[in-house]
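Chemist: The structure file data_9.tsv (TSV, C-alpha atoms) is provided below.
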chain	number	residue	atom	x	y	z
W	1	MET	CA	-9.27	33.04	-14.55
W	2	SER	CA	-7.79	30.00	-16.17
W	3	ILE	CA	-7.50	27.55	-13.27
W	4	THR	CA	-10.46	25.26	-13.87
W	5	GLY	CA	-11.46	21.66	-13.26
W	6	VAL	CA	-9.41	20.28	-10.37
W	7	LEU	CA	-8.23	23.29	-8.35
W	8	ARG	CA	-5.98	22.03	-5.56
W	9	SER	CA	-5.22	19.39	-2.98
W	10	GLY	CA	-6.80	20.69	0.17
W	11	PHE	CA	-7.97	17.96	2.49
W	12	MET	CA	-6.81	14.80	4.23
W	13	GLN	CA	-8.16	12.34	6.76
W	14	LEU	CA	-5.24	11.04	8.78
W	15	ARG	CA	-5.16	8.12	11.22
W	16	VAL	CA	-3.60	8.66	14.63
W	17	LEU	CA	-2.96	6.28	17.52
W	18	ASP	CA	-3.63	8.70	20.39
W	19	MET	CA	-5.99	11.62	19.80
W	20	GLU	CA	-4.93	13.67	22.79
W	21	LYS	CA	-1.28	13.62	21.72
W	22	ALA	CA	-2.27	14.22	18.09
W	23	VAL	CA	-4.33	17.30	18.92
W	24	THR	CA	-1.51	18.73	21.05
W	25	HIS	CA	0.83	18.18	18.10
W	26	TYR	CA	-1.32	19.52	15.27
W	27	VAL	CA	-3.02	22.34	17.14
W	28	LYS	CA	-0.56	23.54	19.77
W	29	HIS	CA	2.70	22.85	17.94
W	30	VAL	CA	1.97	22.81	14.19
W	31	GLY	CA	-0.54	25.62	14.63
W	32	LEU	CA	-3.74	24.37	13.03
W	33	ASN	CA	-7.08	25.41	14.55
W	34	GLU	CA	-9.69	23.01	15.88
W	35	VAL	CA	-13.05	23.31	14.10
W	36	GLY	CA	-15.03	20.54	15.77
W	37	ARG	CA	-15.13	16.98	17.08
W	38	ASP	CA	-17.12	13.83	16.46
W	39	PRO	CA	-16.66	11.67	19.57
W	40	ALA	CA	-18.74	8.81	18.11
W	41	THR	CA	-16.18	8.24	15.36
W	42	LYS	CA	-13.20	9.49	17.41
W	43	ARG	CA	-12.41	12.29	15.00
W	44	VAL	CA	-11.26	15.90	15.28
W	45	PHE	CA	-11.57	18.46	12.45
W	46	LEU	CA	-8.84	21.05	11.88
W	47	LYS	CA	-7.90	23.84	9.49
W	48	GLY	CA	-5.16	26.39	8.85
W	49	TRP	CA	-5.72	30.08	9.56
W	50	ASP	CA	-5.59	31.07	5.87
W	51	GLU	CA	-8.23	28.62	4.63
W	52	PHE	CA	-11.87	29.29	3.78
W	53	ASP	CA	-13.04	25.68	3.67
W	54	HIS	CA	-14.89	24.24	6.69
W	55	HIS	CA	-11.93	22.04	7.60
W	56	THR	CA	-8.91	20.66	5.75
W	57	LEU	CA	-7.49	17.97	8.05
W	58	THR	CA	-9.50	15.31	9.84
W	59	LEU	CA	-7.72	13.26	12.50
W	60	ARG	CA	-9.20	9.82	13.18
W	61	GLU	CA	-8.10	7.83	16.20
W	62	THR	CA	-7.67	4.13	15.48
W	63	ASP	CA	-5.05	1.39	15.88
W	64	THR	CA	-3.01	2.14	12.76
W	65	ALA	CA	-1.27	5.25	11.46
W	66	GLY	CA	-1.35	6.55	7.87
W	67	MET	CA	-3.92	8.24	5.67
W	68	ASP	CA	-7.54	7.36	4.94
W	69	PHE	CA	-7.77	9.61	1.89
W	70	ILE	CA	-6.56	12.83	0.33
W	71	GLY	CA	-9.06	15.39	-0.99
W	72	PHE	CA	-8.95	17.66	-4.04
W	73	LYS	CA	-11.24	20.64	-4.46
W	74	VAL	CA	-12.83	21.01	-7.89
W	75	GLN	CA	-14.43	24.00	-9.62
W	76	ASN	CA	-18.10	23.21	-8.95
W	77	ASP	CA	-20.50	20.44	-8.00
W	78	ALA	CA	-21.33	19.54	-11.61
W	79	TYR	CA	-17.66	18.86	-12.24
W	80	ILE	CA	-17.88	15.89	-9.85
W	81	ASP	CA	-20.15	14.20	-12.41
W	82	VAL	CA	-17.62	14.96	-15.15
W	83	LEU	CA	-14.86	13.38	-13.07
W	84	GLU	CA	-17.02	10.36	-12.29
W	85	GLN	CA	-17.59	9.73	-15.99
W	86	LYS	CA	-13.92	10.28	-16.87
W	87	THR	CA	-12.76	8.06	-14.00
W	88	LYS	CA	-15.00	5.21	-15.14
W	89	GLU	CA	-13.76	5.61	-18.70
W	90	PHE	CA	-10.18	5.50	-17.41
W	91	GLY	CA	-11.04	2.27	-15.61
W	92	LEU	CA	-10.66	3.07	-11.91
W	93	ASN	CA	-13.21	2.17	-9.24
W	94	CYS	CA	-15.09	5.18	-7.82
W	95	TYR	CA	-18.17	5.91	-5.73
W	96	GLN	CA	-20.02	8.92	-4.39
W	97	VAL	CA	-19.99	9.95	-0.73
W	98	PRO	CA	-23.17	11.87	0.19
W	99	ALA	CA	-23.08	15.47	1.41
W	100	ASN	CA	-22.75	16.01	5.17
W	101	SER	CA	-22.24	12.31	5.81
W	102	ASP	CA	-18.84	11.60	7.30
W	103	GLN	CA	-17.42	15.15	6.95
W	104	PRO	CA	-19.50	17.95	8.48
W	105	GLY	CA	-19.82	21.00	6.27
W	106	PHE	CA	-18.91	19.16	3.08
W	107	GLY	CA	-20.99	18.68	-0.05
W	108	ARG	CA	-21.00	15.37	-1.91
W	109	ARG	CA	-17.66	13.83	-2.84
W	110	LEU	CA	-16.42	11.33	-5.40
W	111	ALA	CA	-14.02	8.77	-3.92
W	112	VAL	CA	-11.55	7.16	-6.33
W	113	ASP	CA	-9.37	4.10	-5.66
W	114	LEU	CA	-5.95	4.91	-7.12
W	115	PRO	CA	-3.79	2.04	-8.42
W	116	THR	CA	-1.24	2.94	-5.73
W	117	GLY	CA	-3.71	1.78	-3.06
W	118	HIS	CA	-4.65	5.30	-1.94
W	119	ARG	CA	-8.12	6.82	-1.91
W	120	LEU	CA	-8.53	10.23	-3.50
W	121	ASP	CA	-11.73	12.25	-2.97
W	122	PHE	CA	-13.01	15.10	-5.10
W	123	PHE	CA	-15.19	17.73	-3.44
W	124	ALA	CA	-16.59	21.02	-4.67
W	125	GLU	CA	-18.65	22.57	-1.92
W	126	THR	CA	-17.87	23.19	1.71
W	127	GLU	CA	-19.42	25.53	4.19
W	128	MET	CA	-17.36	28.65	4.78
W	129	ALA	CA	-15.24	28.14	7.88
W	130	ALA	CA	-16.58	29.97	10.94
W	131	GLU	CA	-13.15	31.55	11.33
W	132	HIS	CA	-11.88	32.44	7.86
W	133	PRO	CA	-9.49	34.98	6.36
W	134	GLY	CA	-10.85	38.50	6.00
W	135	ILE	CA	-12.64	39.36	2.77
W	136	ARG	CA	-13.44	43.05	2.93
W	137	ASN	CA	-10.58	45.37	3.90
W	138	PRO	CA	-8.89	42.26	5.28
W	139	ASP	CA	-6.15	42.28	7.86
W	140	ILE	CA	-3.33	39.84	7.12
W	141	TRP	CA	-4.58	37.33	9.72
W	142	PRO	CA	-8.07	36.62	11.05
W	143	LYS	CA	-6.32	36.05	14.39
W	144	GLU	CA	-2.68	35.82	15.35
W	145	PRO	CA	-1.15	32.48	14.29
W	146	HIS	CA	0.26	30.26	17.03
W	147	GLY	CA	2.84	27.45	17.20
W	148	MET	CA	4.52	26.99	13.83
W	149	GLY	CA	1.63	29.01	12.43
W	150	VAL	CA	1.00	26.93	9.30
W	151	SER	CA	-1.42	28.77	7.04
W	152	ALA	CA	-2.87	25.91	5.01
W	153	PHE	CA	-2.80	22.29	3.91
W	154	ASP	CA	-0.23	22.21	1.12
W	155	HIS	CA	0.47	18.80	-0.41
W	156	ALA	CA	1.25	15.14	0.25
W	157	LEU	CA	3.78	12.57	-0.95
W	158	LEU	CA	2.23	9.15	-1.43
W	159	TYR	CA	4.17	5.86	-1.69
W	160	GLY	CA	2.66	2.92	-3.55
W	161	PRO	CA	2.86	0.49	-6.49
W	162	ASN	CA	1.71	1.26	-10.06
W	163	SER	CA	2.76	4.87	-9.69
W	164	ALA	CA	3.07	5.36	-13.45
W	165	GLU	CA	-0.61	4.43	-13.85
W	166	ALA	CA	-1.59	6.78	-11.03
W	167	VAL	CA	0.39	9.59	-12.65
W	168	ARG	CA	-1.39	8.86	-15.94
W	169	TYR	CA	-4.73	9.24	-14.12
W	170	CYS	CA	-3.58	12.53	-12.55
W	171	THR	CA	-2.56	13.98	-15.91
W	172	GLN	CA	-5.26	12.54	-18.20
W	173	VAL	CA	-8.31	12.70	-15.94
W	174	MET	CA	-7.40	15.38	-13.38
W	175	GLY	CA	-5.54	17.54	-15.88
W	176	MET	CA	-2.48	17.93	-13.64
W	177	GLY	CA	0.89	19.13	-14.86
W	178	VAL	CA	4.09	17.15	-14.27
W	179	VAL	CA	6.42	19.67	-12.66
W	180	GLU	CA	9.45	17.52	-11.84
W	181	VAL	CA	10.43	13.84	-11.89
W	182	ILE	CA	13.24	11.68	-10.50
W	183	LYS	CA	14.20	8.92	-12.92
W	184	MET	CA	14.43	5.25	-11.92
W	185	PRO	CA	18.01	4.05	-11.21
W	186	ASP	CA	18.10	2.35	-14.64
W	187	GLY	CA	16.71	5.46	-16.31
W	188	ASN	CA	13.54	3.69	-17.46
W	189	GLY	CA	10.49	5.46	-16.08
W	190	ASP	CA	10.19	7.68	-13.04
W	191	ILE	CA	10.56	6.71	-9.40
W	192	CYS	CA	8.94	9.93	-8.16
W	193	THR	CA	6.68	12.50	-9.83
W	194	TRP	CA	5.61	15.98	-8.65
W	195	LEU	CA	2.16	16.98	-9.92
W	196	THR	CA	0.32	20.28	-9.83
W	197	SER	CA	-3.30	21.29	-10.38
W	198	ALA	CA	-2.54	24.99	-10.76
W	199	ASN	CA	0.78	26.83	-10.50
W	200	ARG	CA	2.21	25.61	-7.23
W	201	THR	CA	5.18	23.23	-7.59
W	202	HIS	CA	3.10	20.38	-6.22
W	203	ASP	CA	-0.33	19.45	-5.00
W	204	LEU	CA	0.70	15.82	-4.91
W	205	ALA	CA	3.82	13.71	-5.34
W	206	ILE	CA	3.83	9.96	-5.94
W	207	LEU	CA	6.77	7.59	-5.40
W	208	GLU	CA	6.97	4.01	-6.65
W	209	TYR	CA	6.98	1.65	-3.65
W	210	ASP	CA	6.12	-2.01	-3.12
W	211	LYS	CA	3.57	-1.54	-0.30
W	212	PRO	CA	0.23	0.08	-1.27
W	213	GLY	CA	-1.48	3.06	0.32
W	214	LYS	CA	1.48	4.48	2.22
W	215	LEU	CA	1.91	8.09	3.33
W	216	HIS	CA	5.38	9.57	3.19
W	217	HIS	CA	4.31	12.97	4.45
W	218	VAL	CA	1.57	15.54	4.63
W	219	GLY	CA	2.80	19.08	4.03
W	220	PHE	CA	1.57	22.38	5.47
W	221	ARG	CA	2.38	25.85	4.23
W	222	LEU	CA	4.66	28.46	5.76
W	223	GLU	CA	5.56	31.86	4.41
W	224	ASP	CA	9.36	31.91	4.31
W	225	TRP	CA	12.72	30.77	5.70
W	226	SER	CA	12.23	32.58	8.98
W	227	GLU	CA	9.05	30.61	9.63
W	228	VAL	CA	10.84	27.35	8.78
W	229	GLY	CA	13.53	28.34	11.29
W	230	ARG	CA	10.92	29.09	13.91
W	231	ALA	CA	9.35	25.68	13.25
W	232	ALA	CA	12.78	24.12	13.82
W	233	ASP	CA	13.04	26.00	17.13
W	234	LEU	CA	9.65	24.66	18.22
W	235	ILE	CA	10.61	21.11	17.21
W	236	SER	CA	13.55	21.24	19.62
W	237	ILE	CA	11.69	23.08	22.38
W	238	ASN	CA	8.84	20.58	22.31
W	239	ASP	CA	11.02	17.49	21.73
W	240	ILE	CA	9.23	16.62	18.48
W	241	ALA	CA	10.85	13.79	16.48
W	242	LEU	CA	12.90	15.56	13.79
W	243	ASP	CA	13.42	13.80	10.49
W	244	ALA	CA	15.39	16.23	8.28
W	245	GLY	CA	16.13	19.90	7.89
W	246	PRO	CA	15.79	22.81	8.04
W	247	MET	CA	16.92	22.61	4.46
W	248	ARG	CA	16.12	23.31	0.84
W	249	HIS	CA	15.00	20.87	-1.83
W	250	GLY	CA	16.55	20.96	-5.27
W	251	VAL	CA	13.23	19.62	-6.53
W	252	THR	CA	10.67	22.49	-6.29
W	253	ARG	CA	13.34	24.71	-4.56
W	254	GLY	CA	11.17	24.56	-1.44
W	255	LYS	CA	12.50	25.56	1.98
W	256	THR	CA	11.47	22.98	4.45
W	257	ILE	CA	11.74	20.84	7.57
W	258	TYR	CA	10.42	17.30	8.18
W	259	PHE	CA	9.31	15.81	11.48
W	260	PHE	CA	6.97	13.14	12.83
W	261	ASP	CA	3.65	13.43	14.61
W	262	PRO	CA	3.21	11.33	17.80
W	263	SER	CA	1.76	8.46	15.72
W	264	GLY	CA	4.70	8.30	13.32
W	265	ASN	CA	3.06	10.15	10.44
W	266	ARG	CA	5.63	12.37	8.78
W	267	ASN	CA	4.85	16.10	8.51
W	268	GLU	CA	6.52	18.74	6.42
W	269	VAL	CA	6.25	22.48	6.85
W	270	TYR	CA	7.19	24.07	3.58
W	271	SER	CA	7.59	27.44	1.95
W	272	SER	CA	8.37	28.87	-1.47
W	273	GLY	CA	8.88	26.88	-4.64
W	274	TYR	CA	8.84	28.53	-8.04
W	275	PRO	CA	5.62	29.32	-9.91
W	276	TYR	CA	4.76	26.63	-12.45
W	277	TYR	CA	2.96	27.24	-15.74
W	278	PRO	CA	1.70	24.55	-18.08
W	279	ASP	CA	4.04	25.64	-20.88
W	280	MET	CA	7.12	24.84	-18.79
W	281	PRO	CA	9.14	21.68	-19.44
W	282	THR	CA	9.17	18.98	-16.77
W	283	ARG	CA	12.41	19.23	-14.82
W	284	VAL	CA	14.21	15.90	-14.69
W	285	TRP	CA	16.54	14.50	-12.02
W	286	ASP	CA	18.68	11.46	-12.77
W	287	PHE	CA	18.75	8.96	-9.93
W	288	ASP	CA	22.46	9.57	-9.28
W	289	HIS	CA	21.53	13.18	-8.48
W	290	VAL	CA	18.70	12.28	-6.09
W	291	GLY	CA	20.66	13.40	-3.01
W	292	LYS	CA	20.91	16.95	-4.28
W	293	GLY	CA	17.36	16.85	-5.61
W	294	VAL	CA	15.93	16.09	-2.18
W	295	PHE	CA	18.56	17.38	0.27
W	296	TYR	CA	20.05	20.23	-1.68
W	297	TYR	CA	22.66	21.28	0.89
W	298	THR	CA	23.93	17.97	2.30
W	299	ARG	CA	23.45	16.29	-1.11
W	300	GLU	CA	22.83	12.93	0.56
W	301	LEU	CA	19.56	11.20	1.39
W	302	ASN	CA	19.20	10.52	5.10
W	303	ASP	CA	18.44	7.00	6.31
W	304	THR	CA	14.73	7.58	6.81
W	305	PHE	CA	13.57	9.32	3.68
W	306	LEU	CA	13.12	6.26	1.47
W	307	SER	CA	12.29	3.71	4.16
W	308	VAL	CA	10.06	5.26	6.85
W	309	VAL	CA	6.39	5.62	5.91
W	310	SER	CA	3.06	5.27	7.70
M	1	MET	CA	6.22	9.62	36.96
M	2	LYS	CA	6.79	6.45	38.99
M	3	ASN	CA	9.92	4.50	38.03
M	4	ASN	CA	11.42	7.52	36.34
M	5	THR	CA	14.57	7.31	38.41
M	6	GLU	CA	14.96	3.55	38.13
M	7	VAL	CA	17.45	2.11	35.66
M	8	PHE	CA	16.92	-1.33	34.19
M	9	LYS	CA	19.31	-3.75	32.52
M	10	ILE	CA	18.42	-4.74	28.97
M	11	SER	CA	20.14	-7.96	27.86
M	12	VAL	CA	20.20	-9.28	24.32
M	13	GLN	CA	19.35	-12.99	24.26
M	14	GLY	CA	22.14	-15.34	23.19
M	15	SER	CA	24.83	-12.70	23.46
M	16	GLU	CA	27.01	-10.90	25.96
M	17	ILE	CA	25.41	-7.60	24.98
M	18	SER	CA	23.60	-5.54	27.58
M	19	PHE	CA	22.81	-1.88	28.09
M	20	SER	CA	20.83	0.22	30.51
M	21	CYS	CA	17.47	1.92	30.04
M	22	GLY	CA	15.76	4.32	32.41
M	23	GLY	CA	12.25	3.51	33.56
M	24	GLY	CA	10.88	6.71	32.06
M	25	GLU	CA	12.77	6.18	28.84
M	26	TYR	CA	11.67	4.45	25.67
M	27	LEU	CA	13.56	1.26	24.83
M	28	LEU	CA	14.47	2.63	21.41
M	29	ALA	CA	16.45	5.51	22.94
M	30	ALA	CA	18.54	3.03	24.91
M	31	MET	CA	19.00	0.76	21.88
M	32	ARG	CA	20.18	3.74	19.87
M	33	ARG	CA	22.50	4.92	22.65
M	34	SER	CA	24.02	1.43	22.81
M	35	GLY	CA	25.10	1.97	19.21
M	36	ARG	CA	23.28	-1.11	17.96
M	37	PHE	CA	20.25	0.61	16.45
M	38	LYS	CA	21.27	2.76	13.55
M	39	SER	CA	18.19	2.88	11.31
M	40	GLY	CA	15.99	5.86	10.88
M	41	ASP	CA	12.48	5.50	12.21
M	42	CYS	CA	9.40	7.53	13.09
M	43	ARG	CA	9.64	7.40	16.93
M	44	GLY	CA	5.85	7.34	17.04
M	45	GLY	CA	4.73	3.71	16.69
M	46	GLY	CA	3.64	4.20	13.10
M	47	CYS	CA	6.39	2.88	10.81
M	48	GLY	CA	7.22	-0.47	12.43
M	49	ILE	CA	10.97	-0.35	11.85
M	50	CYS	CA	11.97	-0.67	15.53
M	51	LYS	CA	9.97	-3.87	16.16
M	52	VAL	CA	11.69	-6.12	18.69
M	53	ARG	CA	10.63	-9.07	20.87
M	54	VAL	CA	10.78	-8.91	24.62
M	55	VAL	CA	11.57	-12.44	25.79
M	56	SER	CA	11.28	-11.76	29.50
M	57	GLY	CA	10.52	-8.84	31.78
M	58	ALA	CA	7.75	-6.27	31.90
M	59	VAL	CA	7.21	-3.27	29.66
M	60	SER	CA	4.48	-0.66	29.43
M	61	CYS	CA	3.54	0.33	25.91
M	62	ASP	CA	1.89	3.36	24.38
M	63	ALA	CA	-0.37	2.85	21.37
M	64	MET	CA	1.37	0.96	18.55
M	65	SER	CA	0.14	0.50	15.00
M	66	ARG	CA	-1.66	-2.85	14.68
M	67	GLU	CA	-0.40	-2.94	11.13
M	68	HIS	CA	3.05	-3.66	12.57
M	69	VAL	CA	2.30	-5.44	15.86
M	70	THR	CA	-0.80	-7.62	15.76
M	71	ALA	CA	-2.56	-8.62	18.97
M	72	ARG	CA	-1.13	-12.13	18.54
M	73	GLU	CA	2.40	-10.77	18.12
M	74	GLU	CA	1.96	-8.54	21.15
M	75	ALA	CA	0.98	-11.61	23.15
M	76	TYR	CA	4.30	-13.16	22.09
M	77	GLY	CA	6.20	-10.14	23.37
M	78	PHE	CA	6.66	-8.13	20.19
M	79	VAL	CA	6.74	-4.38	20.75
M	80	LEU	CA	7.78	-1.27	18.88
M	81	ALA	CA	10.80	-0.12	20.87
M	82	CYS	CA	9.85	3.53	20.39
M	83	ARG	CA	6.61	2.95	22.31
M	84	ALA	CA	7.84	0.57	25.05
M	85	ARG	CA	9.25	1.55	28.43
M	86	PRO	CA	10.80	-1.06	30.72
M	87	ARG	CA	9.19	-1.83	34.07
M	88	SER	CA	11.83	-4.40	35.00
M	89	ASP	CA	15.11	-5.77	33.68
M	90	LEU	CA	14.47	-7.16	30.21
M	91	VAL	CA	15.81	-9.83	27.90
M	92	ILE	CA	15.14	-8.99	24.26
M	93	GLU	CA	15.76	-10.94	21.09
M	94	LYS	CA	18.69	-10.07	18.89
M	95	PHE	CA	17.87	-7.18	16.64
M	96	HIS	CA	19.47	-6.10	13.39
M	97	PHE	CA	18.78	-2.66	12.08
Would you mind writing the structure in this file as C-alpha cells?

Modeler:
Amino acid sequence: MSITGVLRSGFMQLRVLDMEKAVTHYVKHVGLNEVGRDPATKRVFLKGWDEFDHHTLTLRETDTAGMDFIGFKVQNDAYIDVLEQKTKEFGLNCYQVPANSDQPGFGRRLAVDLPTGHRLDFFAETEMAAEHPGIRNPDIWPKEPHGMGVSAFDHALLYGPNSAEAVRYCTQVMGMGVVEVIKMPDGNGDICTWLTSANRTHDLAILEYDKPGKLHHVGFRLEDWSEVGRAADLISINDIALDAGPMRHGVTRGKTIYFFDPSGNRNEVYSSGYPYYPDMPTRVWDFDHVGKGVFYYTRELNDTFLSVVS
Amino acid sequence: MKNNTEVFKISVQGSEISFSCGGGEYLLAAMRRSGRFKSGDCRGGGCGICKVRVVSGAVSCDAMSREHVTAREEAYGFVLACRARPRSDLVIEKFHF
C-alpha cells in the first residue's frame, strides 16, 4: 500500500441560508444521508452511502453562503503532528481543534489558513459511521441509494488569491500531485491547478481569483454517465437551478453536471476521470483552449463558470 | 400561496422600461424574461450578482447572503432579485448585468 500521508479530501463544512431547504436539497435530491443534528449551532451532519467516516458534509445555517473549511483525511493521528511541524516550517498559520469538539465523532484536527483565504483541516480518526458499506461478504449498497444517489464526497474547486503559493503548500507539505493545469492568459503561471492526494484526478482544484475564501463548487461522486443523466432528470423534475451540463470535461475527462443548492452554493455530481500516478506528466491547457478543457462538447465557457461563486 | 395569481408592474426608474412579475414569482425571473438580465447567477441568494435596489413598493424576501446585502443596504431597499417576490407594483433602480 503506497498511499500514505495525506489520503484524500473527504469533508466540508458548508454555510447555508435556510436549513430546511438545504436538507431537502442535499438529502432528498442529491441523495446524502442525515447522520445527526446540532440545533444549538444550527448544523446538520451528512454522509454518502459509500463512506465509512462518521460524516463528510456538515451544513451550518447562517446569514452567508460559502464554505467554512475543507477537510483532508491523513494516515494516522501521529501524522497530524508531522503536518503541524511542516506547516509551521512552510510559514502558514495553523492550530489544533480538539477531538469531539465541533464535529461529533471526529478525532483532533489541524486547521491551516491557506494563502487563498480558505481553511483546510487535517483529520485522522473518525468514528465508523453507524450506517456504513458492508465489510464482510458485502452487498454493493448498505441500503438502496435515493435521489441522485451520490456515493461520497469527491472534491472541491476553491477560488482565491495567491493560488501559486497554496499549490506550493499542497505539493511540498501535503505531498499532492499536480494532475492538470490551465495556464494564465499570458502563459506565465497557472490560473487553475488540479491536485491529487492519491490516484484520483483531483481531490482539490484551486483557481486564481481576487476575492479570498470563495467556493466554486463542492463535488460528489457518481458511478457513470447513466447516473449523471439521472441527476439531470432530477434537476429538471425538482426545479433545481442548473448551471451546466450534463457534459464532459476535457480536464480530468470527468462526466458531470453542475447545479446550485438553495443557498447559491454550486454543486457538481461527477463520475470517471482517468487514474493518475505520480510518474505521469502534468497535463497542460493553454488559456485559449480553456473552453474545451472545461466544457469539452460545447467548447465554450458559459457565463457563470468564472464569475459565480459563494 | 396568497398573491400567486396577482401580477405586478415592475418599472425601471428614470426610463420607459417596465415588465410584469407574478406575485409568486421571483423578481429575477421577470428581469430575465424582460431580456434585460443576461448574466449567469446562482438563483439562491449566495453569489450576489442579481443585486438590485427597490425604490418603491413592497417585496417579501427569502434569506439572502449578508455578504452581499448588509442590513443597512436592505434598509435602503437593496435585494437579491433571485430571493425577492413582489407584493405590490415596484419601481426599481436601473440595473446593468

Chemist: Which one of M:Ser88, M:Ser39, M:Ser20, M:Ser56 sits closest to chain W if you count all atoms listed in the file?

Modeler: M:Ser39

Chemist: Find the residues in chain W near chain M: any atom within 10 Å counts, using only C-alpha atoms. Write them as a PyMOL selection string.

Modeler: chain W and resi 15-18+62-66+240-243+259-266+302-310

Chemist: Write out as a list of chain:residue names each polymer residue whose atoms come within 10 Å of Thr193 in chain W, counting all atoms listed in the file; drop sequence neighbours fewer than 5 positions from it.

Modeler: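 Contacts, in chain order: W:Leu157, W:Ser163, W:Ala164, W:Val167, W:Val178, W:Val179, W:Glu180, W:Val181, W:Ile182, W:Lys183, W:His202, W:Leu204, W:Ala205, W:Ile206, W:Leu207, W:Glu208, W:Thr282, W:Val284.
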
Chemist: Those residues with C-alpha atoms, as a short mmCIF file (atom, residue, chain, number, x, y, z; two decimals), keeping the file's coordinate frame please?

Modeler:
data_model
loop_
_atom_site.label_atom_id
_atom_site.label_comp_id
_atom_site.auth_asym_id
_atom_site.auth_seq_id
_atom_site.Cartn_x
_atom_site.Cartn_y
_atom_site.Cartn_z
CA LEU W 157 3.78 12.57 -0.95
CA SER W 163 2.76 4.87 -9.69
CA ALA W 164 3.07 5.36 -13.45
CA VAL W 167 0.39 9.59 -12.65
CA VAL W 178 4.09 17.15 -14.27
CA VAL W 179 6.42 19.67 -12.66
CA GLU W 180 9.45 17.52 -11.84
CA VAL W 181 10.43 13.84 -11.89
CA ILE W 182 13.24 11.68 -10.50
CA LYS W 183 14.20 8.92 -12.92
CA HIS W 202 3.10 20.38 -6.22
CA LEU W 204 0.70 15.82 -4.91
CA ALA W 205 3.82 13.71 -5.34
CA ILE W 206 3.83 9.96 -5.94
CA LEU W 207 6.77 7.59 -5.40
CA GLU W 208 6.97 4.01 -6.65
CA THR W 282 9.17 18.98 -16.77
CA VAL W 284 14.21 15.90 -14.69
#

Chemist: Which of these residues is nearest to Glu165 in chain W, using only C-alpha atoms: W:Asn199, W:Asn238, W:Thr4, W:Thr116?

Modeler: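 Closest candidate: W:Thr116.
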
Chemist: Which neighbours of range 75-77 of chain M fall inside 9 Å, counting all atoms listed in the file, when residues of the same chain fewer than 2 positions from it are skipped, and could you give them as a list in words?

Modeler: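 The neighbour list is Val52, Arg53, Val54, Val55, Ser56, Thr70, Ala71, Arg72, Glu73 and Val79 of chain M.
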
Chemist: With the input short on atoms, add N, CA and C atoms back to range 254-270 of chain W and write it as a PDB file, keeping the file's coordinate frame.

Modeler:
ATOM      1  N   GLY W 254      11.852  24.243  -2.695  1.00  0.00           N
ATOM      2  CA  GLY W 254      11.170  24.560  -1.440  1.00  0.00           C
ATOM      3  C   GLY W 254      12.128  24.625  -0.262  1.00  0.00           C
ATOM      4  N   LYS W 255      11.762  25.456   0.715  1.00  0.00           N
ATOM      5  CA  LYS W 255      12.500  25.560   1.980  1.00  0.00           C
ATOM      6  C   LYS W 255      11.659  24.861   3.026  1.00  0.00           C
ATOM      7  N   THR W 256      12.285  23.995   3.815  1.00  0.00           N
ATOM      8  CA  THR W 256      11.470  22.980   4.450  1.00  0.00           C
ATOM      9  C   THR W 256      12.089  22.371   5.694  1.00  0.00           C
ATOM     10  N   ILE W 257      11.267  21.693   6.477  1.00  0.00           N
ATOM     11  CA  ILE W 257      11.740  20.840   7.570  1.00  0.00           C
ATOM     12  C   ILE W 257      10.727  19.697   7.734  1.00  0.00           C
ATOM     13  N   TYR W 258      11.246  18.499   8.008  1.00  0.00           N
ATOM     14  CA  TYR W 258      10.420  17.300   8.180  1.00  0.00           C
ATOM     15  C   TYR W 258      10.489  16.809   9.612  1.00  0.00           C
ATOM     16  N   PHE W 259       9.361  16.339  10.113  1.00  0.00           N
ATOM     17  CA  PHE W 259       9.310  15.810  11.480  1.00  0.00           C
ATOM     18  C   PHE W 259       8.139  14.836  11.558  1.00  0.00           C
ATOM     19  N   PHE W 260       8.016  14.150  12.688  1.00  0.00           N
ATOM     20  CA  PHE W 260       6.970  13.140  12.830  1.00  0.00           C
ATOM     21  C   PHE W 260       5.929  13.560  13.861  1.00  0.00           C
ATOM     22  N   ASP W 261       4.686  13.217  13.591  1.00  0.00           N
ATOM     23  CA  ASP W 261       3.650  13.430  14.610  1.00  0.00           C
ATOM     24  C   ASP W 261       3.758  12.293  15.642  1.00  0.00           C
ATOM     25  N   PRO W 262       3.021  12.339  16.749  1.00  0.00           N
ATOM     26  CA  PRO W 262       3.210  11.330  17.800  1.00  0.00           C
ATOM     27  C   PRO W 262       2.738   9.935  17.405  1.00  0.00           C
ATOM     28  N   SER W 263       2.155   9.778  16.217  1.00  0.00           N
ATOM     29  CA  SER W 263       1.760   8.460  15.720  1.00  0.00           C
ATOM     30  C   SER W 263       2.697   7.972  14.623  1.00  0.00           C
ATOM     31  N   GLY W 264       3.748   8.726  14.341  1.00  0.00           N
ATOM     32  CA  GLY W 264       4.700   8.300  13.320  1.00  0.00           C
ATOM     33  C   GLY W 264       4.338   8.722  11.914  1.00  0.00           C
ATOM     34  N   ASN W 265       3.333   9.573  11.762  1.00  0.00           N
ATOM     35  CA  ASN W 265       3.060  10.150  10.440  1.00  0.00           C
ATOM     36  C   ASN W 265       4.031  11.310  10.225  1.00  0.00           C
ATOM     37  N   ARG W 266       4.664  11.306   9.031  1.00  0.00           N
ATOM     38  CA  ARG W 266       5.630  12.370   8.780  1.00  0.00           C
ATOM     39  C   ARG W 266       4.908  13.652   8.353  1.00  0.00           C
ATOM     40  N   ASN W 267       5.356  14.768   8.894  1.00  0.00           N
ATOM     41  CA  ASN W 267       4.850  16.100   8.510  1.00  0.00           C
ATOM     42  C   ASN W 267       5.966  16.862   7.826  1.00  0.00           C
ATOM     43  N   GLU W 268       5.585  17.776   6.967  1.00  0.00           N
ATOM     44  CA  GLU W 268       6.520  18.740   6.420  1.00  0.00           C
ATOM     45  C   GLU W 268       5.906  20.120   6.595  1.00  0.00           C
ATOM     46  N   VAL W 269       6.697  21.092   6.967  1.00  0.00           N
ATOM     47  CA  VAL W 269       6.250  22.480   6.850  1.00  0.00           C
ATOM     48  C   VAL W 269       7.176  23.123   5.822  1.00  0.00           C
ATOM     49  N   TYR W 270       6.564  23.793   4.873  1.00  0.00           N
ATOM     50  CA  TYR W 270       7.190  24.070   3.580  1.00  0.00           C
ATOM     51  C   TYR W 270       6.889  25.494   3.162  1.00  0.00           C
TER      52      TYR W 270
END
